[in-house]
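Chemist: structure-v9.tsv is reproduced in full below (TSV, C-alpha atoms and all ligand atoms).
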```
chain	number	residue	atom	x	y	z
S	1	MET	CA	41.06	-67.58	-21.86
S	2	THR	CA	41.37	-65.96	-18.43
S	3	ASP	CA	38.98	-68.34	-16.70
S	4	THR	CA	40.93	-71.50	-17.65
S	5	PRO	CA	41.30	-73.56	-14.46
S	6	SER	CA	44.82	-74.52	-13.37
S	7	ILE	CA	46.49	-77.32	-15.30
S	8	ASP	CA	48.39	-80.12	-13.58
S	9	VAL	CA	50.68	-81.13	-16.47
S	10	LEU	CA	51.55	-78.95	-19.48
S	11	ALA	CA	53.60	-80.37	-22.37
S	12	ILE	CA	55.41	-77.75	-24.47
S	13	ALA	CA	56.81	-78.74	-27.86
S	14	ALA	CA	58.08	-77.18	-31.08
S	15	HIS	CA	55.75	-78.87	-33.56
S	16	ARG	CA	52.27	-80.27	-33.60
S	17	ASP	CA	52.81	-84.06	-33.29
S	18	ASP	CA	56.03	-83.79	-31.19
S	19	VAL	CA	54.05	-84.46	-28.01
S	20	GLU	CA	52.29	-87.39	-29.69
S	21	GLN	CA	55.67	-88.86	-30.61
S	22	THR	CA	57.40	-88.45	-27.26
S	23	CYS	CA	55.12	-88.14	-24.22
S	24	CYS	CA	51.42	-88.45	-25.00
S	25	GLY	CA	51.15	-91.88	-23.36
S	26	THR	CA	52.14	-90.09	-20.17
S	27	LEU	CA	49.49	-87.41	-20.72
S	28	LEU	CA	46.94	-90.20	-21.16
S	29	ARG	CA	48.07	-91.80	-17.91
S	30	MET	CA	47.88	-88.49	-16.04
S	31	ALA	CA	44.40	-87.78	-17.42
S	32	SER	CA	43.29	-91.25	-16.30
S	33	ARG	CA	44.37	-90.29	-12.78
S	34	GLY	CA	42.04	-87.30	-12.90
S	35	LEU	CA	44.78	-84.76	-13.57
S	36	ARG	CA	44.24	-81.86	-15.98
S	37	THR	CA	46.60	-81.96	-18.95
S	38	ALA	CA	47.41	-79.43	-21.69
S	39	ILE	CA	49.62	-79.05	-24.77
S	40	LEU	CA	51.29	-75.89	-26.07
S	41	ASP	CA	52.72	-76.27	-29.57
S	42	LEU	CA	55.03	-73.36	-30.41
S	43	THR	CA	54.71	-73.39	-34.22
S	44	GLN	CA	51.91	-73.81	-36.73
S	45	GLY	CA	53.75	-76.29	-38.99
S	46	GLU	CA	54.15	-74.14	-42.08
S	47	ALA	CA	57.63	-75.54	-42.93
S	48	GLY	CA	56.64	-79.21	-42.93
S	49	THR	CA	57.45	-81.27	-46.02
S	50	ARG	CA	53.94	-82.69	-45.94
S	51	GLY	CA	50.58	-81.00	-45.35
S	52	THR	CA	49.70	-77.37	-44.55
S	53	ALA	CA	49.44	-75.49	-41.26
S	54	GLU	CA	45.66	-75.80	-41.60
S	55	ASP	CA	45.92	-79.60	-41.98
S	56	ARG	CA	48.07	-79.75	-38.86
S	57	ALA	CA	45.65	-77.58	-36.86
S	58	ARG	CA	42.76	-79.89	-37.67
S	59	GLU	CA	44.81	-83.00	-36.92
S	60	ALA	CA	46.15	-81.53	-33.65
S	61	ALA	CA	42.57	-80.88	-32.50
S	62	GLU	CA	41.63	-84.49	-33.27
S	63	ALA	CA	44.70	-85.79	-31.42
S	64	ALA	CA	43.85	-83.55	-28.44
S	65	ARG	CA	40.38	-85.09	-28.34
S	66	ILE	CA	41.86	-88.61	-28.34
S	67	LEU	CA	44.30	-87.61	-25.57
S	68	GLY	CA	41.57	-86.01	-23.43
S	69	VAL	CA	43.61	-82.84	-22.85
S	70	THR	CA	41.85	-79.87	-21.27
S	71	TRP	CA	43.56	-77.27	-23.42
S	72	ARG	CA	45.67	-77.15	-26.57
S	73	GLN	CA	46.86	-74.18	-28.59
S	74	ALA	CA	49.68	-73.29	-30.99
S	75	LEU	CA	51.77	-70.12	-30.90
S	76	ASP	CA	53.10	-68.51	-34.07
S	77	LEU	CA	56.86	-68.99	-33.70
S	78	PRO	CA	58.58	-69.61	-37.07
S	79	ASP	CA	58.66	-73.31	-37.90
S	80	GLY	CA	62.27	-74.38	-38.42
S	81	ALA	CA	63.70	-71.15	-37.00
S	82	ILE	CA	62.66	-71.01	-33.32
S	83	GLU	CA	64.96	-68.77	-31.29
S	84	ASN	CA	65.31	-68.23	-27.55
S	85	THR	CA	64.51	-64.51	-27.57
S	86	PHE	CA	62.89	-62.40	-24.87
S	87	PRO	CA	59.72	-61.81	-26.95
S	88	ASN	CA	59.38	-65.57	-27.54
S	89	ARG	CA	59.90	-66.24	-23.82
S	90	LEU	CA	57.18	-63.72	-23.03
S	91	LYS	CA	54.71	-65.48	-25.31
S	92	ILE	CA	55.23	-68.68	-23.31
S	93	VAL	CA	55.16	-66.76	-20.00
S	94	SER	CA	51.65	-65.55	-20.86
S	95	VAL	CA	50.47	-69.14	-21.38
S	96	LEU	CA	52.19	-70.36	-18.20
S	97	ARG	CA	50.48	-67.63	-16.17
S	98	GLN	CA	47.13	-68.44	-17.75
S	99	LEU	CA	47.30	-72.22	-17.24
S	100	ARG	CA	49.39	-72.21	-14.01
S	101	PRO	CA	50.74	-75.77	-14.53
S	102	ARG	CA	52.33	-77.67	-11.64
S	103	VAL	CA	54.52	-79.77	-13.98
S	104	VAL	CA	55.91	-78.81	-17.39
S	105	ILE	CA	57.23	-81.35	-19.91
S	106	LEU	CA	59.86	-80.01	-22.34
S	107	PRO	CA	61.82	-81.77	-25.11
S	108	TYR	CA	65.28	-83.06	-24.14
S	109	TRP	CA	67.99	-80.45	-24.78
S	110	GLN	CA	70.08	-82.43	-27.27
S	111	ALA	CA	68.28	-83.16	-30.53
S	112	ARG	CA	68.87	-83.46	-34.25
S	113	HIS	CA	66.18	-80.89	-35.09
S	114	PRO	CA	67.37	-77.46	-33.90
S	115	ASP	CA	63.80	-76.44	-32.96
S	116	HIS	CA	63.58	-79.34	-30.46
S	117	ALA	CA	66.87	-78.45	-28.78
S	118	ILE	CA	66.08	-74.75	-28.51
S	119	VAL	CA	62.63	-75.38	-27.00
S	120	ALA	CA	64.33	-77.10	-24.05
S	121	THR	CA	66.14	-73.88	-23.11
S	122	LEU	CA	63.44	-71.49	-24.32
S	123	GLY	CA	60.83	-73.33	-22.24
S	124	TYR	CA	63.09	-73.52	-19.20
S	125	ASP	CA	63.83	-69.79	-19.34
S	126	ALA	CA	60.13	-68.99	-19.78
S	127	CYS	CA	59.26	-71.07	-16.70
S	128	PHE	CA	61.75	-69.02	-14.68
S	129	LEU	CA	60.56	-65.65	-16.03
S	130	ALA	CA	56.92	-66.59	-15.42
S	131	GLY	CA	57.67	-66.55	-11.69
S	132	LEU	CA	59.09	-63.02	-11.65
S	133	SER	CA	56.57	-60.37	-10.61
S	134	LYS	CA	58.62	-57.65	-12.30
S	135	VAL	CA	58.05	-59.33	-15.67
S	136	ASP	CA	54.68	-57.72	-16.26
S	137	THR	CA	52.27	-59.41	-18.64
S	138	GLY	CA	49.14	-58.25	-16.85
S	139	ALA	CA	48.73	-61.63	-15.13
S	140	LEU	CA	49.86	-62.95	-11.76
S	141	PRO	CA	53.32	-64.60	-11.66
S	142	HIS	CA	53.48	-68.38	-11.61
S	143	ARG	CA	56.45	-70.74	-11.61
S	144	PRO	CA	55.90	-74.45	-12.30
S	145	PHE	CA	56.93	-76.73	-9.43
S	146	LYS	CA	58.75	-79.19	-11.68
S	147	ILE	CA	60.18	-79.44	-15.20
S	148	VAL	CA	60.90	-82.81	-16.80
S	149	TYR	CA	62.34	-83.55	-20.23
S	150	ALA	CA	60.80	-86.04	-22.68
S	151	SER	CA	63.85	-87.97	-23.92
S	152	LEU	CA	62.42	-90.67	-26.18
S	153	TYR	CA	64.49	-89.57	-29.19
S	154	ALA	CA	67.65	-88.75	-27.24
S	155	ASP	CA	70.55	-91.14	-26.69
S	156	VAL	CA	70.54	-90.60	-22.95
S	157	ARG	CA	69.83	-92.69	-19.87
S	158	PRO	CA	66.36	-91.73	-18.55
S	159	SER	CA	65.88	-90.60	-14.95
S	160	PHE	CA	62.55	-92.42	-14.85
S	161	ILE	CA	59.99	-94.20	-16.99
S	162	VAL	CA	56.22	-93.75	-17.04
S	163	ASP	CA	54.27	-96.97	-17.57
S	164	ILE	CA	52.00	-96.36	-20.57
S	165	THR	CA	51.01	-100.00	-21.14
S	166	PRO	CA	47.22	-99.49	-20.83
S	167	PHE	CA	47.36	-96.49	-23.16
S	168	ILE	CA	49.55	-97.75	-26.01
S	169	GLU	CA	46.70	-98.08	-28.54
S	170	GLN	CA	45.26	-94.65	-27.70
S	171	ARG	CA	48.75	-93.20	-28.01
S	172	HIS	CA	49.09	-94.73	-31.46
S	173	ALA	CA	45.66	-93.42	-32.48
S	174	ALA	CA	46.68	-89.90	-31.41
S	175	LEU	CA	49.82	-90.08	-33.57
S	176	MET	CA	47.94	-91.44	-36.54
S	177	ALA	CA	45.47	-88.53	-36.30
S	178	TYR	CA	48.17	-86.68	-38.25
S	179	LYS	CA	47.13	-88.19	-41.55
S	180	SER	CA	48.90	-85.46	-43.53
S	181	GLN	CA	52.17	-86.63	-41.95
S	182	TYR	CA	51.89	-90.38	-41.56
S	183	ALA	CA	49.45	-91.70	-44.17
S	184	ASN	CA	51.26	-93.15	-47.19
S	185	GLN	CA	51.63	-90.54	-49.98
S	186	PRO	CA	54.14	-89.66	-52.72
S	187	THR	CA	55.29	-86.35	-51.14
S	188	GLY	CA	58.25	-86.94	-48.85
S	189	SER	CA	58.17	-90.72	-49.30
S	190	ALA	CA	61.98	-90.79	-49.23
S	191	LEU	CA	61.99	-88.94	-45.88
S	192	PHE	CA	59.08	-90.55	-44.05
S	193	VAL	CA	58.67	-94.06	-42.69
S	194	PRO	CA	55.88	-96.02	-44.46
S	195	GLU	CA	52.60	-96.02	-42.50
S	196	GLU	CA	52.73	-99.77	-41.82
S	197	GLU	CA	56.16	-99.45	-40.20
S	198	ILE	CA	55.23	-96.62	-37.86
S	199	ARG	CA	53.29	-98.89	-35.53
S	200	GLU	CA	56.10	-101.43	-35.32
S	201	ARG	CA	58.77	-98.81	-34.71
S	202	THR	CA	56.88	-96.78	-32.10
S	203	PHE	CA	55.74	-99.88	-30.23
S	204	ALA	CA	59.29	-101.26	-30.27
S	205	GLU	CA	60.63	-98.01	-28.80
S	206	ALA	CA	57.97	-98.01	-26.10
S	207	ARG	CA	58.74	-101.68	-25.39
S	208	HIS	CA	62.44	-100.88	-25.04
S	209	TYR	CA	61.82	-98.14	-22.50
S	210	GLY	CA	59.21	-100.24	-20.72
S	211	LEU	CA	61.73	-103.05	-20.30
S	212	LEU	CA	64.14	-100.66	-18.56
S	213	ALA	CA	61.58	-100.29	-15.78
S	214	GLY	CA	60.11	-103.79	-15.83
S	215	VAL	CA	56.82	-102.92	-17.54
S	216	ARG	CA	55.54	-103.61	-21.04
S	217	TYR	CA	55.46	-100.15	-22.63
S	218	GLY	CA	57.03	-96.98	-21.26
S	219	GLU	CA	58.01	-93.40	-22.03
S	220	PRO	CA	61.38	-92.05	-20.80
S	221	PHE	CA	62.07	-88.75	-19.03
S	222	VAL	CA	65.12	-86.94	-17.73
S	223	GLN	CA	65.03	-84.62	-14.75
S	224	LYS	CA	67.88	-82.28	-13.89
S	225	GLU	CA	67.20	-82.01	-10.18
S	226	ILE	CA	68.30	-84.54	-7.57
S	227	GLY	CA	65.33	-86.27	-5.95
S	228	LEU	CA	64.67	-85.76	-2.23
S	229	ILE	CA	63.58	-88.95	-0.49
S	230	ASP	CA	61.81	-89.10	2.87
S	231	ASP	CA	61.24	-92.85	3.21
S	232	LEU	CA	63.54	-95.40	1.51
S	233	THR	CA	60.82	-98.04	1.57
S	234	LEU	CA	58.67	-95.87	-0.71
S	235	VAL	CA	61.27	-95.17	-3.43
S	236	PRO	CA	59.47	-96.02	-6.68
S	237	VAL	CA	61.72	-98.54	-8.46
S	238	GLN	CA	61.07	-101.94	-9.99
S	239	SER	CA	61.99	-104.90	-7.82
S	240	ILE	CA	65.45	-106.36	-8.46
S	301	ZN	ZN	59.27	-81.77	-34.10
```
Take the structure I supplied and represent it as structure tokens, if you would.
Modeler:
Amino acid sequence: MTDTPSIDVLAIAAHRDDVEQTCCGTLLRMASRGLRTAILDLTQGEAGTRGTAEDRAREAAEAARILGVTWRQALDLPDGAIENTFPNRLKIVSVLRQLRPRVVILPYWQARHPDHAIVATLGYDACFLAGLSKVDTGALPHRPFKIVYASLYADVRPSFIVDITPFIEQRHAALMAYKSQYANQPTGSALFVPEEEIRERTFAEARHYGLLAGVRYGEPFVQKEIGLIDDLTLVPVQSI
């Protein structure tokens, strides 16, 4: 654990498969650029309608392999009841100080599932605390340089889009690694979208966000900070 090399991009999410649903095309793109990526899931998935925590662990490992991430682990926060408490912040601080990520991806702060919304603030607070030397976890302090919010399921205008066009099939394969969730089955059939519709829906969403930036498939992100620009000719926007 202690000899894990520094990570470039760490995605933190409430549930195993949240990252696959919202930002794993971006992780694939970063990995293809030679960057080191990682995923921290905060719960084990024991409250899911379908499958067990053990099913989810196995499926998350398979998805991690497809995504080429350097590191993936799950904490033991209660599924469906995540709270922004100091002990929970400290658990994330320990991971942040171990992995020392430059960029952290969090879920957008407004969401239907309360776990998703709370992870936005819990993760943000943990990133701040991780930089404080007086918060002693036995490891050196580390504060990520940048936090961005994966906003695919939020009704909000993105700050930027990541072009995931070359990775759309791999992204879909990573999501479908969660057979306990997405394969057709009687349990939860009134709640879950049929397997054959998942591809159409997820590709349509990615197409929508891609169109906003003039590419085929994209994933949307929100950043809170105002960008600082040095050279107007290098501002990364699509041509108009
Ligand atoms: Zn979730």
Chemist: Do you have the CA of Met30 in chain S-CA of Val162 in chain S distance handy?
Modeler: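 Between CA of Met30 in chain S and CA of Val162 in chain S the gap is 9.9 Å.
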Chemist: Rounded to one decimal, what separation in Å do you get between CA of Arg16 in chain S and CA of Arg157 in chain S?
Modeler: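 These two atoms are separated by 25.5 Å.
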Chemist: Anything within 7 Å of (55.9, -90.8, -31.9): list those residues as a ChimeraX atom specification, counting only C-alpha atoms and sticking to the file's coordinates.
Modeler: /S:20-22,175,202
Chemist: Would you please work out which residue, of S:Cys24, S:Leu42, S:Ala111, S:Ala53, is nearest to Ala81 in chain S when using all atoms listed in the file?
Modeler: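 Ranked by minimum distance to Ala81 in chain S, first place goes to S:Leu42.
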Chemist: By how many Å are CA of Ser151 in chain S and CA of Phe221 in chain S apart?
Modeler: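 Computing it gives 5.3 Å between the two atoms.
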Chemist: With all atoms listed in the file counted and 7 Å as the cut-off, give the residues of chain S in contact with ligand ZN 301 (chain S), each with its shortest interatomic distance in Å and the pair that gives it, as a tab-separated table.
Modeler:
```
residue	atom	partner	partner_atom	distance
S:Ala14	CA	S:ZN301	ZN	5.6
S:His15	CA	S:ZN301	ZN	4.6
S:Asp17	CA	S:ZN301	ZN	6.9
S:Asp18	CA	S:ZN301	ZN	4.8
S:His116	CA	S:ZN301	ZN	6.1
```
Chemist: Within 9 Å of range 183-199 of chain S, counting all atoms listed in the file, which residues qualify if same-chain residues fewer than 4 places away don't, as a list of chain:residue names?
Modeler: S:Thr49, S:Arg50, S:His172, S:Met176, S:Tyr178, S:Lys179, S:Phe203, S:Ala204
Chemist: Please list as a PyMOL selection string every residue within 9 Å of Pro158 in chain S, counting all atoms listed in the file and excluding residues in the same chain fewer than 3 positions away.
Modeler: chain S and resi 150-152+161+209+220-223
Chemist: Using only C-alpha atoms, which residue out of S:Ile164, S:Leu212, S:Val95, S:Val103 lies closest to Ala126 in chain S?
Modeler: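 Among the listed residues, S:Val95 lies closest to Ala126 in chain S.
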Chemist: Put the listed atoms of range 126-141 of chain S in a box along x, y and z with 8 Å added on every side and give me the centre and edge lengths in Å to one decimal, as JSON.
Modeler:
```
{"center_x": 55.2, "center_y": -64.4, "center_z": -15.2, "size_x": 29.0, "size_y": 29.4, "size_z": 25.2}
```
Chemist: For Gln98 in chain S, which residue among S:Leu67, S:Leu27, S:Val148, S:Ile7 is the nearest when counting only C-alpha atoms?
Modeler: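 Result for the nearest residue to Gln98 in chain S: S:Ile7.
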Chemist: For a quick check of understanding, using all atoms listed in the file, which of S:Gly214, S:Phe86, S:Gln44, S:Leu28 has the smallest distance to Glu169 in chain S?
Modeler: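 Checking each of S:Gly214, S:Phe86, S:Gln44, S:Leu28 against Glu169 in chain S, counting all atoms listed in the file, the winner is S:Leu28.
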Chemist: Please fill the gaps in range 143-154 of chain S so it has all heavy atoms, and write that as a tab-separated table (two decimals), in the coordinates of the input.
Modeler:
```
chain	number	residue	atom	x	y	z
S	143	ARG	N	55.33	-69.90	-11.19
S	143	ARG	CA	56.45	-70.74	-11.61
S	143	ARG	C	56.07	-72.20	-11.41
S	143	ARG	O	55.66	-72.59	-10.32
S	143	ARG	CB	57.71	-70.42	-10.81
S	143	ARG	CG	58.92	-71.21	-11.33
S	143	ARG	CD	60.23	-70.66	-10.80
S	143	ARG	NE	60.44	-69.30	-11.27
S	143	ARG	CZ	61.10	-68.36	-10.58
S	143	ARG	NH1	61.60	-68.65	-9.40
S	143	ARG	NH2	61.24	-67.15	-11.08
S	144	PRO	N	56.21	-73.02	-12.47
S	144	PRO	CA	55.90	-74.45	-12.30
S	144	PRO	C	56.78	-75.07	-11.21
S	144	PRO	O	57.94	-74.69	-11.04
S	144	PRO	CB	56.22	-75.04	-13.68
S	144	PRO	CG	56.13	-73.89	-14.62
S	144	PRO	CD	56.57	-72.69	-13.85
S	145	PHE	N	56.21	-76.04	-10.50
S	145	PHE	CA	56.93	-76.73	-9.43
S	145	PHE	C	58.03	-77.62	-9.99
S	145	PHE	O	59.10	-77.76	-9.40
S	145	PHE	CB	55.92	-77.57	-8.63
S	145	PHE	CG	56.54	-78.45	-7.59
S	145	PHE	CD1	57.06	-77.91	-6.43
S	145	PHE	CD2	56.62	-79.82	-7.77
S	145	PHE	CE1	57.64	-78.72	-5.46
S	145	PHE	CE2	57.19	-80.64	-6.82
S	145	PHE	CZ	57.71	-80.08	-5.66
S	146	LYS	N	57.79	-78.22	-11.15
S	146	LYS	CA	58.75	-79.19	-11.68
S	146	LYS	C	58.78	-79.15	-13.21
S	146	LYS	O	57.75	-78.98	-13.84
S	146	LYS	CB	58.36	-80.60	-11.22
S	146	LYS	CG	59.27	-81.70	-11.75
S	146	LYS	CD	58.96	-83.03	-11.11
S	146	LYS	CE	59.66	-83.20	-9.80
S	146	LYS	NZ	61.12	-83.17	-9.88
S	147	ILE	N	59.99	-79.30	-13.75
S	147	ILE	CA	60.18	-79.44	-15.20
S	147	ILE	C	60.81	-80.80	-15.45
S	147	ILE	O	61.79	-81.16	-14.78
S	147	ILE	CB	61.10	-78.34	-15.75
S	147	ILE	CG1	60.45	-76.96	-15.58
S	147	ILE	CG2	61.42	-78.59	-17.22
S	147	ILE	CD1	61.38	-75.80	-15.90
S	148	VAL	N	60.27	-81.55	-16.38
S	148	VAL	CA	60.90	-82.81	-16.80
S	148	VAL	C	61.05	-82.78	-18.32
S	148	VAL	O	60.33	-82.05	-19.01
S	148	VAL	CB	60.09	-84.06	-16.37
S	148	VAL	CG1	60.03	-84.15	-14.85
S	148	VAL	CG2	58.70	-84.07	-16.97
S	149	TYR	N	62.01	-83.56	-18.81
S	149	TYR	CA	62.34	-83.55	-20.23
S	149	TYR	C	61.97	-84.89	-20.87
S	149	TYR	O	62.44	-85.94	-20.40
S	149	TYR	CB	63.83	-83.28	-20.43
S	149	TYR	CG	64.23	-81.92	-19.92
S	149	TYR	CD1	64.58	-81.71	-18.59
S	149	TYR	CD2	64.24	-80.81	-20.78
S	149	TYR	CE1	64.93	-80.45	-18.12
S	149	TYR	CE2	64.58	-79.55	-20.32
S	149	TYR	CZ	64.93	-79.38	-18.99
S	149	TYR	OH	65.26	-78.13	-18.53
S	150	ALA	N	61.15	-84.83	-21.93
S	150	ALA	CA	60.80	-86.04	-22.68
S	150	ALA	C	62.01	-86.42	-23.53
S	150	ALA	O	62.45	-85.65	-24.38
S	150	ALA	CB	59.58	-85.77	-23.55
S	151	SER	N	62.56	-87.63	-23.30
S	151	SER	CA	63.85	-87.97	-23.92
S	151	SER	C	63.78	-89.15	-24.87
S	151	SER	O	64.78	-89.77	-25.16
S	151	SER	CB	64.88	-88.26	-22.80
S	151	SER	OG	64.48	-89.38	-22.04
S	152	LEU	N	62.58	-89.45	-25.38
S	152	LEU	CA	62.42	-90.67	-26.18
S	152	LEU	C	63.36	-90.71	-27.39
S	152	LEU	O	63.86	-91.77	-27.75
S	152	LEU	CB	60.96	-90.79	-26.64
S	152	LEU	CG	60.58	-92.12	-27.28
S	152	LEU	CD1	59.26	-92.63	-26.74
S	152	LEU	CD2	60.50	-92.02	-28.79
S	153	TYR	N	63.63	-89.57	-28.00
S	153	TYR	CA	64.49	-89.57	-29.19
S	153	TYR	C	65.94	-89.23	-28.87
S	153	TYR	O	66.75	-89.07	-29.78
S	153	TYR	CB	63.94	-88.60	-30.24
S	153	TYR	CG	62.71	-89.15	-30.92
S	153	TYR	CD1	61.66	-88.34	-31.26
S	153	TYR	CD2	62.62	-90.51	-31.20
S	153	TYR	CE1	60.53	-88.86	-31.88
S	153	TYR	CE2	61.50	-91.04	-31.80
S	153	TYR	CZ	60.46	-90.21	-32.14
S	153	TYR	OH	59.35	-90.74	-32.74
S	154	ALA	N	66.28	-89.11	-27.60
S	154	ALA	CA	67.65	-88.75	-27.24
S	154	ALA	C	68.42	-90.00	-26.79
S	154	ALA	O	67.85	-90.91	-26.19
S	154	ALA	CB	67.64	-87.73	-26.11
```
